[in-house]
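Chemist: Input file: query.cif. Contents: mmCIF, C-alpha atoms.
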data_coords
loop_
_atom_site.group_PDB
_atom_site.id
_atom_site.type_symbol
_atom_site.label_atom_id
_atom_site.label_comp_id
_atom_site.auth_asym_id
_atom_site.auth_seq_id
_atom_site.Cartn_x
_atom_site.Cartn_y
_atom_site.Cartn_z
ATOM 1 C CA MET A 16 -139.055 123.103 -76.378
ATOM 2 C CA SER A 17 -138.743 126.663 -74.993
ATOM 3 C CA ALA A 18 -135.931 125.562 -72.627
ATOM 4 C CA LEU A 19 -133.997 124.360 -75.669
ATOM 5 C CA ARG A 20 -134.692 127.681 -77.419
ATOM 6 C CA PHE A 21 -133.454 129.543 -74.321
ATOM 7 C CA LEU A 22 -130.248 127.507 -74.173
ATOM 8 C CA ARG A 23 -129.628 128.068 -77.890
ATOM 9 C CA SER A 24 -130.192 131.826 -77.515
ATOM 10 C CA ALA A 25 -127.990 131.979 -74.420
ATOM 11 C CA LEU A 26 -125.236 130.136 -76.307
ATOM 12 C CA VAL A 27 -125.452 132.535 -79.265
ATOM 13 C CA GLY A 28 -125.426 135.517 -76.880
ATOM 14 C CA SER A 29 -122.407 134.114 -75.032
ATOM 15 C CA ILE A 30 -120.532 133.601 -78.298
ATOM 16 C CA ILE A 31 -121.271 137.173 -79.391
ATOM 17 C CA PHE A 32 -120.157 138.634 -76.045
ATOM 18 C CA GLY A 33 -117.112 136.327 -75.975
ATOM 19 C CA PHE A 34 -116.093 137.549 -79.416
ATOM 20 C CA ALA A 35 -116.514 141.168 -78.293
ATOM 21 C CA PHE A 36 -114.518 140.396 -75.131
ATOM 22 C CA LEU A 37 -111.632 138.869 -77.088
ATOM 23 C CA SER A 38 -111.567 141.639 -79.689
ATOM 24 C CA THR A 39 -111.456 144.439 -77.099
ATOM 25 C CA PRO A 40 -107.631 144.498 -76.637
ATOM 26 C CA THR A 41 -107.111 145.800 -80.170
ATOM 27 C CA ALA A 42 -109.518 148.647 -79.644
ATOM 28 C CA ASN A 43 -108.048 149.278 -76.206
ATOM 29 C CA ALA A 44 -104.388 149.425 -77.269
ATOM 30 C CA HIS A 45 -103.008 152.503 -75.563
ATOM 31 C CA SER A 46 -99.333 153.169 -75.236
ATOM 32 C CA GLU A 47 -98.052 152.110 -71.821
ATOM 33 C CA LEU A 48 -94.634 152.879 -70.364
ATOM 34 C CA VAL A 49 -92.438 149.777 -70.476
ATOM 35 C CA LEU A 50 -88.884 151.096 -69.911
ATOM 36 C CA ALA A 51 -87.401 154.167 -68.268
ATOM 37 C CA ASN A 52 -83.858 155.457 -67.866
ATOM 38 C CA PRO A 53 -83.372 156.311 -65.086
ATOM 39 C CA ALA A 54 -85.788 153.733 -63.715
ATOM 40 C CA ALA A 55 -88.762 154.594 -61.537
ATOM 41 C CA ASP A 56 -87.856 154.925 -57.838
ATOM 42 C CA SER A 57 -84.152 154.408 -58.591
ATOM 43 C CA LYS A 58 -81.411 155.946 -56.451
ATOM 44 C CA LEU A 59 -78.528 157.401 -58.480
ATOM 45 C CA MET A 60 -75.172 158.866 -57.525
ATOM 46 C CA ASN A 61 -75.217 161.327 -60.452
ATOM 47 C CA LEU A 62 -77.867 163.255 -62.329
ATOM 48 C CA PRO A 63 -78.080 161.874 -65.884
ATOM 49 C CA SER A 64 -77.605 164.183 -68.878
ATOM 50 C CA ARG A 65 -80.828 162.851 -70.414
ATOM 51 C CA VAL A 66 -83.995 160.998 -69.499
ATOM 52 C CA GLU A 67 -85.480 158.373 -71.804
ATOM 53 C CA VAL A 68 -88.821 156.560 -71.657
ATOM 54 C CA THR A 69 -90.001 153.786 -73.973
ATOM 55 C CA PHE A 70 -93.618 152.791 -74.543
ATOM 56 C CA GLY A 71 -95.297 149.592 -75.700
ATOM 57 C CA GLU A 72 -96.026 150.984 -79.164
ATOM 58 C CA ASP A 73 -94.790 153.706 -81.485
ATOM 59 C CA LEU A 74 -95.689 157.308 -80.737
ATOM 60 C CA MET A 75 -97.355 159.670 -83.186
ATOM 61 C CA VAL A 76 -95.225 162.374 -84.773
ATOM 62 C CA ILE A 77 -96.889 165.179 -86.737
ATOM 63 C CA GLY A 78 -94.271 167.337 -88.425
ATOM 64 C CA ASN A 79 -92.658 169.755 -85.972
ATOM 65 C CA ALA A 80 -95.637 169.730 -83.573
ATOM 66 C CA HIS A 81 -94.911 168.881 -79.933
ATOM 67 C CA THR A 82 -97.185 165.838 -79.952
ATOM 68 C CA ASN A 83 -95.133 164.047 -77.292
ATOM 69 C CA VAL A 84 -93.641 165.895 -74.329
ATOM 70 C CA LEU A 85 -91.219 164.676 -71.658
ATOM 71 C CA GLN A 86 -90.356 166.891 -68.674
ATOM 72 C CA VAL A 87 -87.948 166.556 -65.762
ATOM 73 C CA ILE A 88 -88.786 168.609 -62.661
ATOM 74 C CA ASP A 89 -86.607 169.043 -59.554
ATOM 75 C CA SER A 90 -87.837 168.985 -55.941
ATOM 76 C CA SER A 91 -88.393 172.768 -55.959
ATOM 77 C CA GLY A 92 -90.804 172.422 -58.911
ATOM 78 C CA LYS A 93 -88.394 173.869 -61.481
ATOM 79 C CA GLN A 94 -88.319 172.256 -64.926
ATOM 80 C CA ILE A 95 -84.689 171.193 -65.494
ATOM 81 C CA ASP A 96 -84.865 169.627 -68.950
ATOM 82 C CA ASP A 97 -83.899 171.375 -72.194
ATOM 83 C CA GLY A 98 -87.536 171.431 -73.403
ATOM 84 C CA ASP A 99 -86.644 169.610 -76.611
ATOM 85 C CA SER A 100 -88.380 166.224 -76.387
ATOM 86 C CA LYS A 101 -87.341 163.897 -79.205
ATOM 87 C CA THR A 102 -89.490 161.004 -80.428
ATOM 88 C CA THR A 103 -87.966 157.966 -82.125
ATOM 89 C CA GLY A 104 -90.452 155.147 -82.676
ATOM 90 C CA ALA A 105 -91.676 154.170 -79.207
ATOM 91 C CA THR A 106 -88.978 156.145 -77.338
ATOM 92 C CA LEU A 107 -89.153 159.707 -76.017
ATOM 93 C CA THR A 108 -85.945 161.445 -74.856
ATOM 94 C CA VAL A 109 -85.150 164.846 -73.312
ATOM 95 C CA GLY A 110 -81.850 166.382 -72.214
ATOM 96 C CA VAL A 111 -81.201 167.572 -68.642
ATOM 97 C CA THR A 112 -79.569 171.023 -68.399
ATOM 98 C CA THR A 113 -79.270 171.832 -64.709
ATOM 99 C CA GLN A 114 -76.428 171.743 -62.218
ATOM 100 C CA THR A 115 -78.828 170.631 -59.456
ATOM 101 C CA VAL A 116 -77.318 167.378 -58.341
ATOM 102 C CA THR A 117 -79.272 165.921 -55.440
ATOM 103 C CA GLY A 118 -82.871 165.382 -54.480
ATOM 104 C CA THR A 119 -86.010 163.853 -55.892
ATOM 105 C CA PHE A 120 -86.748 164.380 -59.572
ATOM 106 C CA LEU A 121 -90.143 163.968 -61.223
ATOM 107 C CA VAL A 122 -90.388 162.703 -64.796
ATOM 108 C CA LYS A 123 -93.690 163.596 -66.501
ATOM 109 C CA TRP A 124 -94.845 162.682 -69.976
ATOM 110 C CA ARG A 125 -97.753 163.363 -72.296
ATOM 111 C CA VAL A 126 -97.813 161.225 -75.447
ATOM 112 C CA VAL A 127 -100.069 160.290 -78.343
ATOM 113 C CA SER A 128 -99.889 156.684 -79.521
ATOM 114 C CA ALA A 129 -99.593 155.921 -83.222
ATOM 115 C CA ASP A 130 -103.267 154.862 -83.050
ATOM 116 C CA GLY A 131 -104.201 158.388 -81.878
ATOM 117 C CA HIS A 132 -104.880 157.661 -78.193
ATOM 118 C CA PRO A 133 -103.370 160.196 -75.755
ATOM 119 C CA GLY A 134 -101.718 159.148 -72.522
ATOM 120 C CA GLU A 135 -99.844 160.735 -69.657
ATOM 121 C CA GLY A 136 -98.069 159.717 -66.506
ATOM 122 C CA SER A 137 -95.145 160.303 -64.227
ATOM 123 C CA TYR A 138 -92.610 158.675 -61.939
ATOM 124 C CA SER A 139 -89.771 159.805 -59.674
ATOM 125 C CA PHE A 140 -86.116 158.986 -59.174
ATOM 126 C CA PHE A 141 -83.657 160.168 -56.525
ATOM 127 C CA VAL A 142 -80.091 161.468 -56.848
ATOM 128 C CA GLU A 143 -78.015 161.228 -53.665
ATOM 129 C CA GLY A 144 -74.508 162.024 -54.996
ATOM 130 C CA THR A 145 -72.713 165.365 -55.208
ATOM 131 C CA ILE A 146 -71.163 165.130 -58.671
ATOM 132 C CA PRO A 147 -72.409 167.549 -61.400
ATOM 133 C CA VAL A 148 -74.350 166.454 -64.487
ATOM 134 C CA VAL A 149 -72.738 163.480 -66.230
ATOM 135 C CA SER A 150 -73.557 161.425 -69.279
ATOM 136 C CA SER A 151 -76.090 158.736 -68.590
ATOM 137 C CA ALA A 152 -75.212 155.087 -68.977
ATOM 138 C CA PRO A 153 -76.771 153.050 -71.782
ATOM 139 C CA VAL A 154 -80.315 151.875 -71.109
ATOM 140 C CA ASP A 155 -80.372 148.561 -69.279
ATOM 141 C CA PRO A 156 -83.792 147.030 -70.126
ATOM 142 C CA VAL A 157 -83.751 144.830 -67.009
ATOM 143 C CA ALA A 158 -82.717 147.550 -64.535
ATOM 144 C CA SER A 159 -84.884 150.252 -66.050
ATOM 145 C CA HIS A 160 -88.111 148.272 -66.323
ATOM 146 C CA VAL A 161 -90.892 150.358 -64.791
ATOM 147 C CA SER A 162 -92.206 148.483 -61.788
ATOM 148 C CA THR A 163 -95.378 150.494 -61.332
ATOM 149 C CA GLN A 164 -98.101 148.755 -63.317
ATOM 150 C CA LYS A 165 -101.719 149.765 -63.774
ATOM 151 C CA SER A 166 -104.163 147.948 -61.538
ATOM 152 C CA PHE A 167 -106.156 144.975 -62.790
ATOM 153 C CA TRP A 168 -109.341 147.086 -62.834
ATOM 154 C CA THR A 169 -107.701 149.907 -64.847
ATOM 155 C CA ARG A 170 -106.345 147.484 -67.454
ATOM 156 C CA ASN A 171 -109.535 145.436 -67.781
ATOM 157 C CA SER A 172 -112.442 147.721 -66.817
ATOM 158 C CA GLU A 173 -113.909 147.858 -70.333
ATOM 159 C CA LYS A 174 -113.817 144.064 -70.663
ATOM 160 C CA ILE A 175 -115.316 143.517 -67.210
ATOM 161 C CA LEU A 176 -118.124 145.987 -67.894
ATOM 162 C CA LEU A 177 -118.789 144.381 -71.282
ATOM 163 C CA VAL A 178 -119.085 140.911 -69.744
ATOM 164 C CA LEU A 179 -121.277 142.187 -66.891
ATOM 165 C CA GLY A 180 -123.488 143.997 -69.411
ATOM 166 C CA GLY A 181 -123.823 140.786 -71.401
ATOM 167 C CA LEU A 182 -124.748 138.786 -68.312
ATOM 168 C CA ILE A 183 -127.341 141.376 -67.288
ATOM 169 C CA PHE A 184 -128.778 141.351 -70.823
ATOM 170 C CA ILE A 185 -129.041 137.545 -70.802
ATOM 171 C CA GLY A 186 -130.626 137.606 -67.345
ATOM 172 C CA ILE A 187 -133.236 140.206 -68.346
ATOM 173 C CA TRP A 188 -133.942 138.389 -71.601
ATOM 174 C CA ALA A 189 -134.386 135.076 -69.709
ATOM 175 C CA GLU A 190 -136.805 136.692 -67.242
ATOM 176 C CA PHE A 191 -138.906 138.179 -70.064
ATOM 177 C CA ASP A 192 -138.907 134.800 -71.835
ATOM 178 C CA ARG A 193 -139.985 133.059 -68.615
ATOM 179 C CA ARG A 194 -142.855 135.519 -68.109
ATOM 180 C CA ARG A 195 -143.929 135.189 -71.761
ATOM 181 C CA ARG A 196 -144.056 131.388 -71.387
ATOM 182 C CA ILE A 197 -146.195 131.722 -68.240
ATOM 183 C CA LEU A 198 -148.608 134.035 -70.041
ATOM 184 C CA ASP A 199 -148.735 131.708 -73.076
ATOM 185 C CA HIS A 200 -149.821 128.781 -70.832
ATOM 186 C CA HIS A 201 -152.702 130.740 -69.234
#
Using structure tokens, write down the structure that the file contains.

Modeler:
Amino acid sequence: MSALRFLRSALVGSIIFGFAFLSTPTANAHSELVLANPAADSKLMNLPSRVEVTFGEDLMVIGNAHTNVLQVIDSSGKQIDDGDSKTTGATLTVGVTTQTVTGTFLVKWRVVSADGHPGEGSYSFFVEGTIPVVSSAPVDPVASHVSTQKSFWTRNSEKILLVLGGLIFIGIWAEFDRRRRILDHH
């Protein structure tokens, strides 16, 4: 009879932890970079006149506050953007104002998702041409898809820890139940 009770309790516990596991993505919805122009690690002939990054969800805008910031930095560490990051839905854009035309450029962002979660990151692109600043081409979603993805652990750490916690709880509960049954028989 107690084995049946244990199985029933383990099933209820598994259902509860399974529900929590499946509902975690909504609570864990942070804005992740999905598109970039220029693309991460791309090699360009010309420095674009603007840099644009798009995230997986809309970004928060609070009046004139600089909630979301996009910066472009050259290889000497000098910020070469116009400092006027513009947010439109899930896209953040900044103009490039320098005559520096070759080298490695770092794109850094700090954003707040519409759900209030902050995020930040960076990537680089390389310009190997010698032509001054030109207008950038329209965003090509296929060519500008960001190839650097977060690791499996980073994306799923909360879920993994939740499941492990549930398994540990069930194991401890089963051991206490086993010991209680032994004491009840003596």

Chemist: Please determine, counting all atoms listed in the file, which residue among A:Val116, A:Val178, A:Val109, A:Leu198 has the shortest atom-to-atom distance to Glu67 (chain A).

Modeler: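 Using all atoms listed in the file, Glu67 (chain A) sits closest to A:Val109.
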
Chemist: Going by the chain IDs and residue numbers used in this file, which residues fall under the PyMOL selection byres ((chain A and resi 128-136) around 6)? Write them as a list in words.

Modeler: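 The output of the PyMOL selection byres ((chain A and resi 128-136) around 6) on this file is Ser46, Asp73, Leu74, Met75, Lys123, Trp124, Arg125, Val126, Val127 and Ser137 of chain A.
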
Chemist: What residues come out when you apply the PyMOL selection byres ((chain A and resi 141) around 9) to this file, written as a PyMOL selection string?

Modeler: chain A and resi 56-60+62+117-121+139-140+142-143

Chemist: Could you work out how far CA of Val76 (chain A) lies from CA of Ala54 (chain A), giving the answer in Å with one decimal?

Modeler: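 Going from CA of Ala54 (chain A) over to CA of Val76 (chain A), I get 24.6 Å.
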
Chemist: So how far away is CA of Val122 (chain A) from CA of Tyr138 (chain A), in Å?

Modeler: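 So the two atoms, CA of Tyr138 (chain A) and CA of Val122 (chain A), lie 5.4 Å apart.
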
Chemist: What separation in Å, quoted to one decimal, exists between CA of Val49 (chain A) and CA of Thr106 (chain A)?

Modeler: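 Answer for the CA of Val49 (chain A) to CA of Thr106 (chain A) separation: 10.0 Å.
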
Chemist: If the PyMOL selection byres ((chain A and resi 66) around 9) is run on the structure shown, which residues does it catch, given as a list in words?

Modeler: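 Expected selection for the PyMOL selection byres ((chain A and resi 66) around 9) here is Ala51, Asn52, Pro53, Pro63, Ser64, Arg65, Glu67, Val68, Leu85, Gln86, Val87, Asp96, Leu107, Thr108, Val109, Gly110, Val111, Val122 and Ser151 of chain A.
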
Chemist: Save out the residues we just selected, C-alpha atoms, as an mmCIF file, in the coordinates of the input.

Modeler:
data_model
loop_
_atom_site.group_PDB
_atom_site.id
_atom_site.type_symbol
_atom_site.label_atom_id
_atom_site.label_comp_id
_atom_site.auth_asym_id
_atom_site.auth_seq_id
_atom_site.Cartn_x
_atom_site.Cartn_y
_atom_site.Cartn_z
ATOM 1 C CA ALA A 51 -87.401 154.167 -68.268
ATOM 2 C CA ASN A 52 -83.858 155.457 -67.866
ATOM 3 C CA PRO A 53 -83.372 156.311 -65.086
ATOM 4 C CA PRO A 63 -78.080 161.874 -65.884
ATOM 5 C CA SER A 64 -77.605 164.183 -68.878
ATOM 6 C CA ARG A 65 -80.828 162.851 -70.414
ATOM 7 C CA GLU A 67 -85.480 158.373 -71.804
ATOM 8 C CA VAL A 68 -88.821 156.560 -71.657
ATOM 9 C CA LEU A 85 -91.219 164.676 -71.658
ATOM 10 C CA GLN A 86 -90.356 166.891 -68.674
ATOM 11 C CA VAL A 87 -87.948 166.556 -65.762
ATOM 12 C CA ASP A 96 -84.865 169.627 -68.950
ATOM 13 C CA LEU A 107 -89.153 159.707 -76.017
ATOM 14 C CA THR A 108 -85.945 161.445 -74.856
ATOM 15 C CA VAL A 109 -85.150 164.846 -73.312
ATOM 16 C CA GLY A 110 -81.850 166.382 -72.214
ATOM 17 C CA VAL A 111 -81.201 167.572 -68.642
ATOM 18 C CA VAL A 122 -90.388 162.703 -64.796
ATOM 19 C CA SER A 151 -76.090 158.736 -68.590
#

Chemist: May I ask which of the residues A:Thr69, A:Thr103, A:Ile88, A:Ile77 is the closest one to Leu50 (chain A), counting all atoms listed in the file?

Modeler: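 Smallest distance to Leu50 (chain A) is found for A:Thr69.
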